[in-house]
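Everything on this sheet refers to the single structure shown next.
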Amino acid sequence: MVWDKPRIKAELKRLYKKGANLSYNALAGKQQSLVSAAAYHFGSYRSAVEAAGIDYAVVSRRPRWTKQAIIRLIKEARRAGDDLHWSAVTKRRDELGRAAFASLQPRLFGRWDRALSAAGLDADDVSRYRRWDRNTVAFELRARAMDDEPLNSGAIQQDDSGLHAAAVRHFGSYDRALRAAKVNPDDVRRRRAWTRKDVIEALKSAKREGKHLADSAVRREDPALYGAAVRLFGTFTAARDAARINLKRR
């Protein structure tokens with residue numbers, strides 16, 4: 001990749017929103033080319049970070065996010081009476097806002113509502129009075145699609161009637177809302193209804209075929225199976241254990 005000033009700033013902003021550790025040493029260990037290009041084009045890495053609108057003092061002392069740290073911030077915000085639905089927390093420019101973006105990392109919770117649940121909150125109660133608009137509806141549907149969750153109309157009405165009603169209200173029909181989220185309605189209707197037994201059999205079949213069954217490999221090569229495993233067993237590791245598969249490191 002050929003780095004220039006706009007691309008460097010855009011990448012730093014993207015990483016910051018994801019909750020990545022942007023301290024010099026942490027980023028140099030993962031993306032040396034970005035760090036070097038930042039120092040070259042801006043005179044120093046710090047200048048590049050500040051040009052991206054990021055407080056370098058916060059970056060330099062930012063701790064590695066953990067589930068416990070995110071849960072603590074959620075509980076503190078709840079006691080303070082803060083609004084915890086997604087569209088509200090992501091507009092914040094404080095630790096809670098950064099924790100929300102960090103919670104999306106696969107190694108943490110993957111989704112904000114799962115972080116809320118881990119903190120002992122009912123995600124449905126938190127989002128009950130959420131103010132939906134076209135962007136938040138499309139974002140939520142797309143996030144569910146990426147997690148391979150059921151997206152047919154009946155499933156959404158049962159799981160989150162407010163989301164379904166908002167989709168129809170803002171887009172005219174549920175199918176149009178799916179298309180806005182870049183999801184093919186026909187694929188949704190044809191989606192396989194997984195059971196725990198199906199997941200176990202699919203994992204055993206993959207093992208017989210010699211496929212690599214590490215979390216990252218299955219998530220990349222068979223997202224439908226991976227999503228069903230996480231949804232039905234809690235974690236992919238738990239599903240693999242249920243299928244009595246011992247992972248051999250390559």
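Ordering of the structure tokens sets the chain letters (A, B, ...); residue numbers start at 1 within each chain; ligands are numbered from 1 in the order shown.
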Secondary structure check, alpha helix (DSSP H) residues of stretch 14-181 of chain A, as a PyMOL selection string:
chain A and resi 14-17+24-30+32-42+45-51+56-60+67-79+86-89+95-102+112-118+123-127+134-146+153-159+161-171+174-180
I'd like the contact shell of A:Arg7 - 12 Å cut-off, only C-alpha atoms, skipping same-chain residues fewer than 3 positions apart - returned as a count of residues only.
16
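Between A:Ala100 and the residues A:Gly19, A:Gly172, A:Gly81, A:Gly210, the shortest atom-to-atom distance, using only C-alpha atoms, involves A:Gly19.
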Close residues, A:Arg93 itself excluded, 12 Å, only C-alpha atoms, min 3 positions apart in chain, as a list in words:
Tyr16, Lys17, Gly53, Ile54, Asp55, Val58, Ala88, Val89, Thr90, Leu96, Gly97, Arg98, Ala99, Ala100 and Phe101 of chain A
Would you list the contacts of A:Ala119 as a list in words, taking every protein, DNA or RNA residue within 7 Å and counting only C-alpha atoms, but skipping same-chain residues closer than 2 positions in sequence?
Ile71, Ile74, Lys75, Ala115, Leu116, Ser117 and Leu121 of chain A
Output N, CA and C atoms for every residue in that selection, as a short mmCIF file (atom, residue, chain, number, x, y, z; two decimals), in the first residue's frame.
```cif
data_model
loop_
_atom_site.label_atom_id
_atom_site.label_comp_id
_atom_site.auth_asym_id
_atom_site.auth_seq_id
_atom_site.Cartn_x
_atom_site.Cartn_y
_atom_site.Cartn_z
N ILE A 71 -17.11 -4.00 31.16
CA ILE A 71 -18.24 -4.26 32.06
C ILE A 71 -18.27 -3.23 33.19
N ILE A 74 -19.67 0.05 31.89
CA ILE A 74 -21.12 -0.06 31.65
C ILE A 74 -21.88 0.07 32.97
N LYS A 75 -21.41 -0.62 34.00
CA LYS A 75 -22.08 -0.59 35.29
C LYS A 75 -22.03 0.81 35.90
N ALA A 115 -22.17 -7.16 25.34
CA ALA A 115 -21.44 -6.51 26.43
C ALA A 115 -22.43 -6.08 27.51
N LEU A 116 -23.57 -5.54 27.10
CA LEU A 116 -24.60 -5.15 28.06
C LEU A 116 -25.08 -6.35 28.87
N SER A 117 -25.31 -7.46 28.20
CA SER A 117 -25.77 -8.67 28.89
C SER A 117 -24.72 -9.16 29.88
N LEU A 121 -27.23 -6.44 32.28
CA LEU A 121 -28.34 -5.62 31.82
C LEU A 121 -29.13 -6.34 30.75
#
```
Can you build me a table of stretch 107-168 of chain A residues sitting at most 12 Å from stretch 233-238 of chain A, with the closest atom pair per residue and its distance in Å to one decimal, using only C-alpha atoms, sorted by chain and residue number, as CSV?
```
residue,atom,partner,partner_atom,distance
A:Arg107,CA,A:Thr235,CA,10.9
A:Leu108,CA,A:Thr235,CA,11.6
A:Phe109,CA,A:Thr235,CA,10.6
A:Gly110,CA,A:Thr235,CA,11.2
A:Arg114,CA,A:Gly234,CA,10.9
```
Saved selection, atoms kept: N, CA and C atoms, as a tab-separated table (two decimals), in the first residue's frame:
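Once everything was written out, this is out_21.tsv:
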```
chain	number	residue	atom	x	y	z
A	107	ARG	N	-12.44	-10.77	20.01
A	107	ARG	CA	-11.87	-11.35	21.22
A	107	ARG	C	-12.60	-10.87	22.48
A	108	LEU	N	-13.41	-9.83	22.35
A	108	LEU	CA	-14.16	-9.33	23.49
A	108	LEU	C	-15.61	-9.81	23.42
A	109	PHE	N	-16.53	-8.97	22.93
A	109	PHE	CA	-17.94	-9.39	22.91
A	109	PHE	C	-18.51	-9.56	21.51
A	110	GLY	N	-17.91	-8.89	20.51
A	110	GLY	CA	-18.42	-9.01	19.15
A	110	GLY	C	-19.56	-8.07	18.86
A	114	ARG	N	-24.19	-7.79	23.60
A	114	ARG	CA	-23.60	-8.87	24.39
A	114	ARG	C	-22.79	-8.31	25.55
```
For A:Val183, please output as a ChimeraX atom specification all residues within 10 Å (counting only C-alpha atoms; exclusion window: fewer than 3 positions along the same chain).
/A:138,141-142,145-146,151,175-180,186-188
Contacts of A:Leu27 at 12 Å (only C-alpha atoms; same-chain gap of 2+ positions) as a PDB file with C-alpha atoms, in the first residue's frame:
```pdb
ATOM      1  CA  GLU A  11      -6.507   4.497   8.879  1.00  0.00           C
ATOM      2  CA  LEU A  12      -5.617   5.951  12.269  1.00  0.00           C
ATOM      3  CA  LEU A  15      -8.262   1.901  14.189  1.00  0.00           C
ATOM      4  CA  TYR A  16      -9.138   4.362  16.944  1.00  0.00           C
ATOM      5  CA  ALA A  20      -7.214  -0.570  18.844  1.00  0.00           C
ATOM      6  CA  ASN A  21      -4.146   0.259  20.894  1.00  0.00           C
ATOM      7  CA  LEU A  22      -2.534   3.176  19.050  1.00  0.00           C
ATOM      8  CA  SER A  23       0.481   3.627  21.288  1.00  0.00           C
ATOM      9  CA  TYR A  24       3.675   3.772  19.238  1.00  0.00           C
ATOM     10  CA  ASN A  25       5.100   0.433  20.401  1.00  0.00           C
ATOM     11  CA  GLY A  29       4.556  -4.269  16.300  1.00  0.00           C
ATOM     12  CA  LYS A  30       1.545  -4.820  14.036  1.00  0.00           C
ATOM     13  CA  GLN A  31       1.696  -2.185  11.300  1.00  0.00           C
ATOM     14  CA  GLN A  32       5.249  -0.937  11.020  1.00  0.00           C
ATOM     15  CA  SER A  33       4.632   0.434   7.538  1.00  0.00           C
ATOM     16  CA  LEU A  34       1.840   2.691   8.816  1.00  0.00           C
ATOM     17  CA  VAL A  35       3.939   3.960  11.734  1.00  0.00           C
ATOM     18  CA  SER A  36       6.923   4.635   9.484  1.00  0.00           C
ATOM     19  CA  ALA A  38       3.143   8.507   9.583  1.00  0.00           C
ATOM     20  CA  TYR A  45       4.090   9.605  14.739  1.00  0.00           C
ATOM     21  CA  VAL A  49      -2.099  10.992  15.444  1.00  0.00           C
ATOM     22  CA  VAL A  59      -3.367   7.081  23.008  1.00  0.00           C
ATOM     23  CA  SER A  60      -0.004   6.877  24.769  1.00  0.00           C
TER      24      SER A  60
END
```
For atom CA of A:Lys207 and atom CA of A:Pro150, quote the distance in Å rounded to one decimal.
25.8 Å
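The smallest atom-to-atom distance between A:Trp194 and any of A:Ala229, A:Ala242, A:Val168, A:Ala155, using only C-alpha atoms, is found for A:Ala229.
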